[in-house]
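Here is the structure we will look at, set down as structure tokens.
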Amino acid sequence: MQATNTSNPAYFHKVVDCQWACPAHTPVPEYIRLIGQGRYSDAYMVNWVSNVFPGILGRTCDRPCEPACRRGRVEENNRTQAEPVAICRLKRVAADHKDDVSARMPTIAPFNGKRIACVGAGPSSLTVARDLAPLGYEVTVFDSEAKAGGFMRSQIPRFRLPESVIDEETGYILNMGVRFRGGERVSSMRALLAQNFDAVFVGCGAPRGRELDVPGRQDAAAHIHIGIEWLANVSFGHITSVGERVIVLGGGNTAMDCCRSARRLGGKDVKVVVRSGFEEMKASPWEKEDAQHEGIPILNYHVPKSVEHLNGKLTGMTFEIVRAEYDAKGRRSLIPTGEPDVLLECDTVLVAIGQENAFPWIEPDCGIAFDTWGLPVLGEGTFQSTLPKVFFGGDAAYGPKNIITAVAHGHEAAVSIDRLLNGEDVTHRPPPRTHLLSQKMGIHEWSYHNDVSNDTRFAVPWAKADVALSSIKLEVELGFDAATAFKEASRCLNCDVQTVFNRGTCIECDACMDICPMDCISFTTNGDEAELRTRLKAPAQHTAQAMYVSAELKTGRILVKDEDVCLHCGLCAERCPTGAWDMQKFLLNTTQAGPHCRDSKPKPSTSAAKETA
Amino acid sequence: MTFIAKPRLHHPTLHTNQVGYTRRDYEGRISTLCAGCGHDSISAAIIQACWDLNIEPHRVAKLSGIGCSSKTPDYFLGASHGFNTVHGRMPSVLTGANLANRELLYLGVSGDGDSASIGLGQFANAMRRGVRMAYIVENNGVYGLTKGQFSATADRGSKSKKGVVNSESPVDLVGIALQLGATYVARSFSGDKAQLVPLIKGAMEHGGAAFIDVISPCVTFNNHSGSTKSYDYVRQHNEAVSRIDFMEPGQEITTDYPPGALVEVEQHDGSLLRLRKLHTDYDPTDRYAAMSYMQTHAALGEILTGLLYIDPLATDLHTALNTTAQPLNTLNAAQLNPGQKALDKINAALR
């Protein structure tokens, strides 16, 4: 194998699996460490720079970081269940326990003469505003609702996300001189373009819920609702009750929010019915668990066949029972089992079987091209449409995903807009800036807590079931208290503190290899990667995770470190007699809008410097 | 010296051996030796060897004297029996323990100061008597605990860290062991586990006195350019007589190698040592040839490593003394004190 090129920023970044998995590349271990130190406000601000909505995401994030968490890998086989660090819930701790951070928000540079319109006040638009307003851009955000937040406000039930949190975090952005034009639906792109904005960002989400097309659907329309619309109506108080017997169709997170909301609005017999198997459902595992925790059954392999009604009054739905079969390519088909159809009686049906993008307000002739799926044609990584000054982000760009992905889009689109309006090529994007800093403080002192905790994951306390189910607004999860947060934070393995190897000083004494609790380190002869992986001290099985390979050492062997299951405990560096190993904290500053993202780099403004500090 | 506790988490593929233990179960407390000490590598090799051999940790008795090396039994086999004796007195205490209970496996750990200076007489007599044990000397040629004076195994002409040249002849423990009748004699290097682990396995399974001299650099006081026991020096002057592998007892051994290229040595318990020779003329069962070969290479400035000598028919002190096979603590009062009649019989035989 070739020696590893550690000067590539992606190499060490990928070792921080959680940060790598996060669309917005939030420096997870850094803020967890700050939470462990009780520095909640600092942890909040580290979050705020990258994911913008720590309080909201601390409750509702789809948490791609957690399945990636190394803790879940190294506890496997040690205990019955692999358990990642409760990253998302720790983020909430920072938001709940912080002091007033309004003084830490960036100062706003004088108006730079450029005006930007953002369509929709959801997470992607607000991220664009958060990145560009401090730079002196005049940002105007349009939304059909009276308050900002978009999907976060309209479709996430209050029992998961209190309104006060949304108000606070959208407020930080709107208070940065952003012009918010609430209650103003943008109905024409042409009219918007006519207002001479220098750039337009479309972050209006994927507002249309997919329809159910089965016999009887239209006859009983009064009792059948599209899930996201129903959730919005519940959110804004237009709907306050539901039939006693409710069927929720669909296996995604919207379906989980629908069934839990229905339970709180008076539904006594609430069921979720899905076409697929339970394991294949799109909902996050914890969302499924939460629904089941509230006594909601999930029936799988039931395909809707017809809606039953009596003169327009819904009586039930008929389902065909199927099983899954997979062909050689792994494609699934649902085959009827031949069992008799099942009739489930109900009073209300909530349809949550997916969402579609819809841009009826963008005129076909205004220069913005759409693909065959109705999605805008965008430059890769630039989010620029075929009309150069119009950008898309969030669900409006690539279809429904999640909040953190929308935020990531917003950051990237802001870079594009900033470069465009400074006369620079949007396709040329500077790489992130990285730092490696030794954590050695003394002979046996490291600046991070490397005594690995043996605790298993701590459960977040819940409000009592009878109390929680009695209200649509009462928050169910109570969040960690400070003491539990400290213990949970201690489970983090500090994966951003990298093991950095210096070949020149290694004397091949084996001390690092002998002490490593995870058998990550091997001194061996070189070979092909696939073959080398099999003959290390412990086999390196997770091929998606790179191995650290040194150039040839004095004895002709090489040093190989399997990064996959490293605990970052620092024992290799502690044991090394020559300092050939060092524990160095890796900091990644993603490219954000502002002077750093431009080719012609003027002196950074004070506000930009403050943001990245 | 490390203060961080070693995490309990381990690699997801960590296996258990036939007696149900993982390799981590053979560890001891975290080492307090200097970072990079060769002794820690030897501890790691002992852990690996005992795990490979499916030895239950509680079947091992580890004994040591005083010094850096003699601290190491605390750092491996935490669940076994242990005894830190007085300086240089490990062999006699081990002999007593062995006579009292031959069911345990005896591992003597000593250093060059402990065995070649104050304990030289004890070392010599243990070898001479054929006490069944694996006697490992962690040999760094220096008194590390007292800040770097030459030990008795330091080579003539080698330099101390301060630049003083050693004018005295070294004690060659391998030569002494060969001369006094040890039936398994080997030398290795702490930085070569591929060689050291099978040597320790062979010694643990050997039927008599097994001695391994392990050159183990002292990173703090004896790992400089004037040292003959530094990592660099040993790697440059290492001359392996054999590349050995240890086969588990009961495992069938077949070979296609032409005659003369391989020596198979069967031990009493049925295990085999298969020796693939780098030097086709080297016969590890010839004690006198071994001594001569070793001296010749020493004169050339080479450090011979590998299995230098083995007596495949080795017996131990119990056989010589015709002692009871049962551990003394399992004998009852009647067995331990057979009474006046038995005493009269013995006395009569001596008249």
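Letters A, B, ... mark the chains of the structure tokens in the order given; residue numbers begin at 1 per chain; ligand numbers begin at 1, in order shown.
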Cut-off 8 Å: closest chain B/chain A atom pairs per residue, using only C-alpha atoms, as a tab-separated table:
```
residue	atom	partner	partner_atom	distance
B:Met1	CA	A:Arg575	CA	7.5
B:Thr2	CA	A:Glu574	CA	6.5
B:Phe3	CA	A:His444	CA	7.1
B:Ile4	CA	A:Asp451	CA	6.2
B:Ala5	CA	A:Asp451	CA	6.7
B:Lys6	CA	A:Pro517	CA	6.7
B:Pro7	CA	A:Val452	CA	5.7
B:Arg8	CA	A:Asn454	CA	7.2
B:Leu9	CA	A:Val74	CA	6.7
B:His10	CA	A:Met518	CA	4.9
B:His11	CA	A:Met518	CA	4.7
B:Pro12	CA	A:Asn77	CA	5.6
B:Thr13	CA	A:Ala538	CA	7.3
B:Leu14	CA	A:Ala538	CA	7.8
B:Cys34	CA	A:Pro577	CA	7.6
B:Ala35	CA	A:Arg575	CA	4.5
B:Gly36	CA	A:Pro577	CA	4.9
B:Cys37	CA	A:Ala511	CA	7.6
B:Gly38	CA	A:Cys509	CA	6.9
B:Asp40	CA	A:Ala511	CA	7.0
B:Ser41	CA	A:Asp510	CA	6.5
B:Ala44	CA	A:Asp514	CA	6.0
B:Gly191	CA	A:Cys509	CA	5.8
B:Val219	CA	A:Pro577	CA	7.2
B:Tyr231	CA	A:Ile507	CA	7.1
B:Asp232	CA	A:Ile507	CA	7.9
```
**OP:** Considering only C-alpha atoms, return as number ranges by chain whatever protein or nucleic-acid residues lie within 9 Å of A:Lys464, sequence-local ones (same chain, fewer than 4 positions apart) excluded.
**Re:** A: 468-469, 476
**OP:** Can you pull out every residue within 6 Å of stretch 87-95 of chain A, counting only C-alpha atoms, but drop anything in the same chain fewer than 2 positions away, and send it as an NGL selection string?
**Re:** :A and (40 or 43-44 or 55 or 58 or 85 or 97-98)
Subject >> Polymer residues at most 12 Å from B:Gly96, only C-alpha atoms, same-chain spacing of 6 or more positions, as JSON, numbers by chain >> reply: {"B": [63, 89, 90, 102, 106, 126, 131, 132, 317, 318, 327, 328]}
Save out the residues we just selected, all heavy atoms, as an mmCIF file, in the first residue's frame.
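Written out: selection24.cif:
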```
data_model
loop_
_atom_site.group_PDB
_atom_site.id
_atom_site.type_symbol
_atom_site.label_atom_id
_atom_site.label_comp_id
_atom_site.auth_asym_id
_atom_site.auth_seq_id
_atom_site.Cartn_x
_atom_site.Cartn_y
_atom_site.Cartn_z
ATOM 1 N N LEU B 63 7.132 -16.135 39.533
ATOM 2 C CA LEU B 63 8.006 -15.716 40.628
ATOM 3 C C LEU B 63 9.106 -14.830 40.081
ATOM 4 O O LEU B 63 9.567 -15.023 38.951
ATOM 5 C CB LEU B 63 8.618 -16.941 41.330
ATOM 6 C CG LEU B 63 7.605 -17.779 42.107
ATOM 7 C CD1 LEU B 63 7.126 -18.952 41.277
ATOM 8 C CD2 LEU B 63 8.195 -18.239 43.426
ATOM 9 N N ARG B 89 16.834 -14.255 44.710
ATOM 10 C CA ARG B 89 16.455 -15.523 45.383
ATOM 11 C C ARG B 89 15.256 -16.175 44.724
ATOM 12 O O ARG B 89 14.690 -17.105 45.289
ATOM 13 C CB ARG B 89 16.179 -15.270 46.870
ATOM 14 C CG ARG B 89 17.380 -15.443 47.766
ATOM 15 C CD ARG B 89 18.497 -14.515 47.391
ATOM 16 N NE ARG B 89 19.633 -14.612 48.319
ATOM 17 C CZ ARG B 89 20.790 -13.985 48.144
ATOM 18 N NH1 ARG B 89 20.961 -13.218 47.075
ATOM 19 N NH2 ARG B 89 21.758 -14.111 49.023
ATOM 20 N N MET B 90 14.861 -15.708 43.559
ATOM 21 C CA MET B 90 13.710 -16.315 42.887
ATOM 22 C C MET B 90 13.890 -17.812 42.670
ATOM 23 O O MET B 90 12.978 -18.604 42.970
ATOM 24 C CB MET B 90 13.444 -15.587 41.567
ATOM 25 C CG MET B 90 12.341 -16.150 40.713
ATOM 26 S SD MET B 90 12.875 -17.489 39.638
ATOM 27 C CE MET B 90 13.767 -16.586 38.395
ATOM 28 N N ARG B 102 3.633 -29.755 41.984
ATOM 29 C CA ARG B 102 4.134 -29.847 40.625
ATOM 30 C C ARG B 102 3.029 -29.673 39.574
ATOM 31 O O ARG B 102 3.273 -29.753 38.384
ATOM 32 C CB ARG B 102 4.861 -31.172 40.391
ATOM 33 C CG ARG B 102 3.976 -32.384 40.512
ATOM 34 C CD ARG B 102 4.635 -33.562 39.826
ATOM 35 N NE ARG B 102 5.519 -34.298 40.727
ATOM 36 C CZ ARG B 102 6.129 -35.419 40.370
ATOM 37 N NH1 ARG B 102 5.977 -35.902 39.149
ATOM 38 N NH2 ARG B 102 6.892 -36.075 41.221
ATOM 39 N N TYR B 106 5.432 -23.193 36.266
ATOM 40 C CA TYR B 106 6.275 -22.198 36.926
ATOM 41 C C TYR B 106 6.960 -21.300 35.920
ATOM 42 O O TYR B 106 7.587 -21.768 34.973
ATOM 43 C CB TYR B 106 7.294 -22.889 37.845
ATOM 44 C CG TYR B 106 6.578 -23.472 39.031
ATOM 45 C CD1 TYR B 106 6.088 -24.775 39.013
ATOM 46 C CD2 TYR B 106 6.298 -22.676 40.138
ATOM 47 C CE1 TYR B 106 5.369 -25.282 40.075
ATOM 48 C CE2 TYR B 106 5.571 -23.171 41.210
ATOM 49 C CZ TYR B 106 5.116 -24.471 41.173
ATOM 50 O OH TYR B 106 4.394 -24.963 42.222
ATOM 51 N N ALA B 126 19.682 -23.748 40.039
ATOM 52 C CA ALA B 126 18.368 -24.109 39.489
ATOM 53 C C ALA B 126 18.544 -24.824 38.150
ATOM 54 O O ALA B 126 17.866 -25.813 37.856
ATOM 55 C CB ALA B 126 17.501 -22.860 39.319
ATOM 56 N N VAL B 131 15.074 -27.932 37.677
ATOM 57 C CA VAL B 131 13.738 -27.581 38.171
ATOM 58 C C VAL B 131 12.859 -27.260 36.963
ATOM 59 O O VAL B 131 13.243 -26.462 36.104
ATOM 60 C CB VAL B 131 13.807 -26.348 39.097
ATOM 61 C CG1 VAL B 131 12.418 -26.008 39.626
ATOM 62 C CG2 VAL B 131 14.780 -26.591 40.230
ATOM 63 N N ARG B 132 11.696 -27.871 36.909
ATOM 64 C CA ARG B 132 10.843 -27.641 35.747
ATOM 65 C C ARG B 132 10.223 -26.249 35.820
ATOM 66 O O ARG B 132 9.374 -25.962 36.672
ATOM 67 C CB ARG B 132 9.739 -28.701 35.678
ATOM 68 C CG ARG B 132 8.907 -28.510 34.426
ATOM 69 C CD ARG B 132 7.875 -29.568 34.227
ATOM 70 N NE ARG B 132 7.090 -29.214 33.034
ATOM 71 C CZ ARG B 132 6.159 -29.955 32.515
ATOM 72 N NH1 ARG B 132 5.853 -31.117 33.055
ATOM 73 N NH2 ARG B 132 5.503 -29.565 31.460
ATOM 74 N N LEU B 317 13.506 -32.292 38.354
ATOM 75 C CA LEU B 317 13.952 -32.571 39.712
ATOM 76 C C LEU B 317 13.069 -33.596 40.419
ATOM 77 O O LEU B 317 13.543 -34.414 41.198
ATOM 78 C CB LEU B 317 13.978 -31.248 40.494
ATOM 79 C CG LEU B 317 14.555 -31.247 41.894
ATOM 80 C CD1 LEU B 317 16.014 -31.708 41.881
ATOM 81 C CD2 LEU B 317 14.452 -29.856 42.520
ATOM 82 N N HIS B 318 11.769 -33.547 40.147
ATOM 83 C CA HIS B 318 10.848 -34.507 40.756
ATOM 84 C C HIS B 318 11.222 -35.933 40.380
ATOM 85 O O HIS B 318 11.193 -36.841 41.207
ATOM 86 C CB HIS B 318 9.407 -34.214 40.315
ATOM 87 C CG HIS B 318 8.787 -33.081 41.053
ATOM 88 N ND1 HIS B 318 8.293 -33.181 42.329
ATOM 89 C CD2 HIS B 318 8.584 -31.785 40.685
ATOM 90 C CE1 HIS B 318 7.806 -32.020 42.720
ATOM 91 N NE2 HIS B 318 7.978 -31.145 41.738
ATOM 92 N N PRO B 327 0.291 -32.734 44.798
ATOM 93 C CA PRO B 327 0.692 -31.523 45.524
ATOM 94 C C PRO B 327 0.598 -31.769 47.028
ATOM 95 O O PRO B 327 -0.342 -32.455 47.488
ATOM 96 C CB PRO B 327 -0.334 -30.485 45.090
ATOM 97 C CG PRO B 327 -0.878 -30.993 43.801
ATOM 98 C CD PRO B 327 -0.807 -32.477 43.873
ATOM 99 N N LEU B 328 1.540 -31.208 47.793
ATOM 100 C CA LEU B 328 1.591 -31.484 49.235
ATOM 101 C C LEU B 328 0.328 -31.007 49.943
ATOM 102 O O LEU B 328 -0.127 -31.623 50.907
ATOM 103 C CB LEU B 328 2.823 -30.814 49.852
ATOM 104 C CG LEU B 328 4.182 -31.272 49.295
ATOM 105 C CD1 LEU B 328 5.324 -30.672 50.120
ATOM 106 C CD2 LEU B 328 4.309 -32.789 49.248
#
```
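Excluding A:Ala551 and any residue on its chain fewer than 3 positions from it, the residues at most 10 Å away by only C-alpha atoms are Met1, Gln2, Ala3, Thr4, Arg503, Gly504, Asn526, Lys554, Gly556, Arg557, Ile558, Leu559 and Val560 of chain A.
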Taking N, CA, C and O atoms for each residue, export the selection above as a PDB file, in the first residue's frame.
```pdb
ATOM      1  N   MET A   1       0.832  -1.213   0.000  1.00  0.00           N
ATOM      2  CA  MET A   1       0.000   0.000   0.000  1.00  0.00           C
ATOM      3  C   MET A   1       0.858   1.250   0.000  1.00  0.00           C
ATOM      4  O   MET A   1       1.950   1.258   0.549  1.00  0.00           O
ATOM      5  N   GLN A   2       0.321   2.288  -0.580  1.00  0.00           N
ATOM      6  CA  GLN A   2       0.987   3.581  -0.527  1.00  0.00           C
ATOM      7  C   GLN A   2       0.866   4.144   0.888  1.00  0.00           C
ATOM      8  O   GLN A   2      -0.134   3.914   1.566  1.00  0.00           O
ATOM      9  N   ALA A   3       1.880   4.893   1.293  1.00  0.00           N
ATOM     10  CA  ALA A   3       1.788   5.554   2.602  1.00  0.00           C
ATOM     11  C   ALA A   3       0.630   6.549   2.572  1.00  0.00           C
ATOM     12  O   ALA A   3       0.345   7.164   1.540  1.00  0.00           O
ATOM     13  N   THR A   4      -0.035   6.672   3.715  1.00  0.00           N
ATOM     14  CA  THR A   4      -1.203   7.558   3.799  1.00  0.00           C
ATOM     15  C   THR A   4      -0.802   9.020   3.640  1.00  0.00           C
ATOM     16  O   THR A   4       0.171   9.462   4.257  1.00  0.00           O
ATOM     17  N   ARG A 503       7.210   8.886  11.502  1.00  0.00           N
ATOM     18  CA  ARG A 503       8.035   7.723  11.155  1.00  0.00           C
ATOM     19  C   ARG A 503       9.501   7.921  11.567  1.00  0.00           C
ATOM     20  O   ARG A 503      10.177   6.985  11.993  1.00  0.00           O
ATOM     21  N   GLY A 504       9.992   9.137  11.448  1.00  0.00           N
ATOM     22  CA  GLY A 504      11.412   9.391  11.656  1.00  0.00           C
ATOM     23  C   GLY A 504      11.904   9.047  13.052  1.00  0.00           C
ATOM     24  O   GLY A 504      13.050   8.628  13.231  1.00  0.00           O
ATOM     25  N   ASN A 526       4.747  -4.821   4.157  1.00  0.00           N
ATOM     26  CA  ASN A 526       3.740  -4.183   3.310  1.00  0.00           C
ATOM     27  C   ASN A 526       3.063  -5.220   2.403  1.00  0.00           C
ATOM     28  O   ASN A 526       3.545  -6.346   2.261  1.00  0.00           O
ATOM     29  N   LYS A 554      12.731   1.497   9.635  1.00  0.00           N
ATOM     30  CA  LYS A 554      14.127   1.042   9.558  1.00  0.00           C
ATOM     31  C   LYS A 554      14.258  -0.447   9.257  1.00  0.00           C
ATOM     32  O   LYS A 554      15.154  -0.874   8.544  1.00  0.00           O
ATOM     33  N   GLY A 556      12.371  -2.231   7.544  1.00  0.00           N
ATOM     34  CA  GLY A 556      11.745  -2.617   6.288  1.00  0.00           C
ATOM     35  C   GLY A 556      10.263  -2.883   6.429  1.00  0.00           C
ATOM     36  O   GLY A 556       9.564  -3.088   5.440  1.00  0.00           O
ATOM     37  N   ARG A 557       9.790  -2.875   7.678  1.00  0.00           N
ATOM     38  CA  ARG A 557       8.351  -3.068   7.875  1.00  0.00           C
ATOM     39  C   ARG A 557       7.639  -1.721   7.752  1.00  0.00           C
ATOM     40  O   ARG A 557       8.277  -0.690   7.562  1.00  0.00           O
ATOM     41  N   ILE A 558       6.324  -1.744   7.884  1.00  0.00           N
ATOM     42  CA  ILE A 558       5.560  -0.501   7.924  1.00  0.00           C
ATOM     43  C   ILE A 558       4.697  -0.506   9.177  1.00  0.00           C
ATOM     44  O   ILE A 558       4.464  -1.557   9.781  1.00  0.00           O
ATOM     45  N   LEU A 559       4.247   0.671   9.547  1.00  0.00           N
ATOM     46  CA  LEU A 559       3.300   0.790  10.656  1.00  0.00           C
ATOM     47  C   LEU A 559       1.917   0.882  10.036  1.00  0.00           C
ATOM     48  O   LEU A 559       1.706   1.689   9.127  1.00  0.00           O
ATOM     49  N   VAL A 560       0.994   0.052  10.500  1.00  0.00           N
ATOM     50  CA  VAL A 560      -0.384   0.129  10.014  1.00  0.00           C
ATOM     51  C   VAL A 560      -1.285   0.369  11.212  1.00  0.00           C
ATOM     52  O   VAL A 560      -1.187  -0.344  12.214  1.00  0.00           O
TER      53      VAL A 560
END
```
**OP:** Pull the strand (DSSP E or B) assignments for stretch 53-168 of chain B out of DSSP run on the backbone, and list those residues as a PyMOL selection string.
**Re:** chain B and resi 60-64+76+81-84+105-111+133-139+142-143+149-150+159+165
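For the pair atom CA of B:Ile47 and atom CA of B:Arg23, the interatomic distance is 6.9 Å.
Look at A:Cys65: the protein and nucleic acid residues within 9 Å of it, using only C-alpha atoms and passing over chain neighbours fewer than 2 places away, are Asp17, Cys18, Gln19, Trp20, Ala21, Cys22, Val28, Asp62, Arg63, Pro67, Ala68, Cys69, Ile87 and Cys88 of chain A.
Distances to B:Tyr293 were evaluated for B:Gly175, B:Asn322, B:Gly207, B:Leu196 using only C-alpha atoms, and the minimum falls at B:Gly175.
Note that atom CA of B:His39 and atom CA of B:Thr146 are 16.7 Å apart.
If you look at atom CA of B:Asp283 and atom CA of B:Thr315, they are 20.3 Å away from each other.
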Test item: residues at most 7 Å from A:Ala580, only C-alpha atoms, excluding those fewer than 6 positions along its chain, as a tab-separated table (two decimals) with all heavy atoms, in the first residue's frame:
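Contents of part00.tsv, as written:
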```tsv
chain	number	residue	atom	x	y	z
A	501	PHE	N	1.35	9.99	13.62
A	501	PHE	CA	2.57	9.18	13.71
A	501	PHE	C	3.72	9.85	12.97
A	501	PHE	O	3.56	10.34	11.86
A	501	PHE	CB	2.29	7.81	13.09
A	501	PHE	CG	3.45	6.86	13.11
A	501	PHE	CD1	3.91	6.34	14.31
A	501	PHE	CD2	4.08	6.49	11.94
A	501	PHE	CE1	4.98	5.46	14.34
A	501	PHE	CE2	5.16	5.62	11.95
A	501	PHE	CZ	5.61	5.10	13.17
A	502	ASN	N	4.89	9.85	13.60
A	502	ASN	CA	6.09	10.40	12.98
A	502	ASN	C	7.08	9.26	12.75
A	502	ASN	O	7.69	8.74	13.68
A	502	ASN	CB	6.69	11.47	13.90
A	502	ASN	CG	7.99	12.02	13.35
A	502	ASN	OD1	8.40	11.67	12.24
A	502	ASN	ND2	8.62	12.88	14.11
A	503	ARG	N	7.21	8.89	11.50
A	503	ARG	CA	8.04	7.72	11.16
A	503	ARG	C	9.50	7.92	11.57
A	503	ARG	O	10.18	6.99	11.99
A	503	ARG	CB	7.95	7.50	9.65
A	503	ARG	CG	8.75	6.33	9.13
A	503	ARG	CD	8.50	6.16	7.65
A	503	ARG	NE	9.10	7.21	6.86
A	503	ARG	CZ	10.22	7.07	6.14
A	503	ARG	NH1	10.83	5.91	6.13
A	503	ARG	NH2	10.71	8.06	5.44
A	505	THR	N	11.04	9.19	14.05
A	505	THR	CA	11.51	8.96	15.42
A	505	THR	C	11.12	7.59	15.97
A	505	THR	O	11.49	7.25	17.08
A	505	THR	CB	10.97	10.06	16.36
A	505	THR	OG1	9.57	10.22	16.13
A	505	THR	CG2	11.65	11.39	16.12
A	506	CYS	N	10.39	6.80	15.18
A	506	CYS	CA	9.96	5.50	15.69
A	506	CYS	C	11.14	4.54	15.79
A	506	CYS	O	11.95	4.43	14.86
A	506	CYS	CB	8.90	4.90	14.75
A	506	CYS	SG	8.38	3.24	15.22
```
Subject >> All alpha helix (DSSP H) residues (DSSP, backbone) inside stretch 83-199 of chain B, as a VMD selection string >> reply: chain B and resid 90 to 100 112 to 116 120 to 129 173 to 180 193 to 199
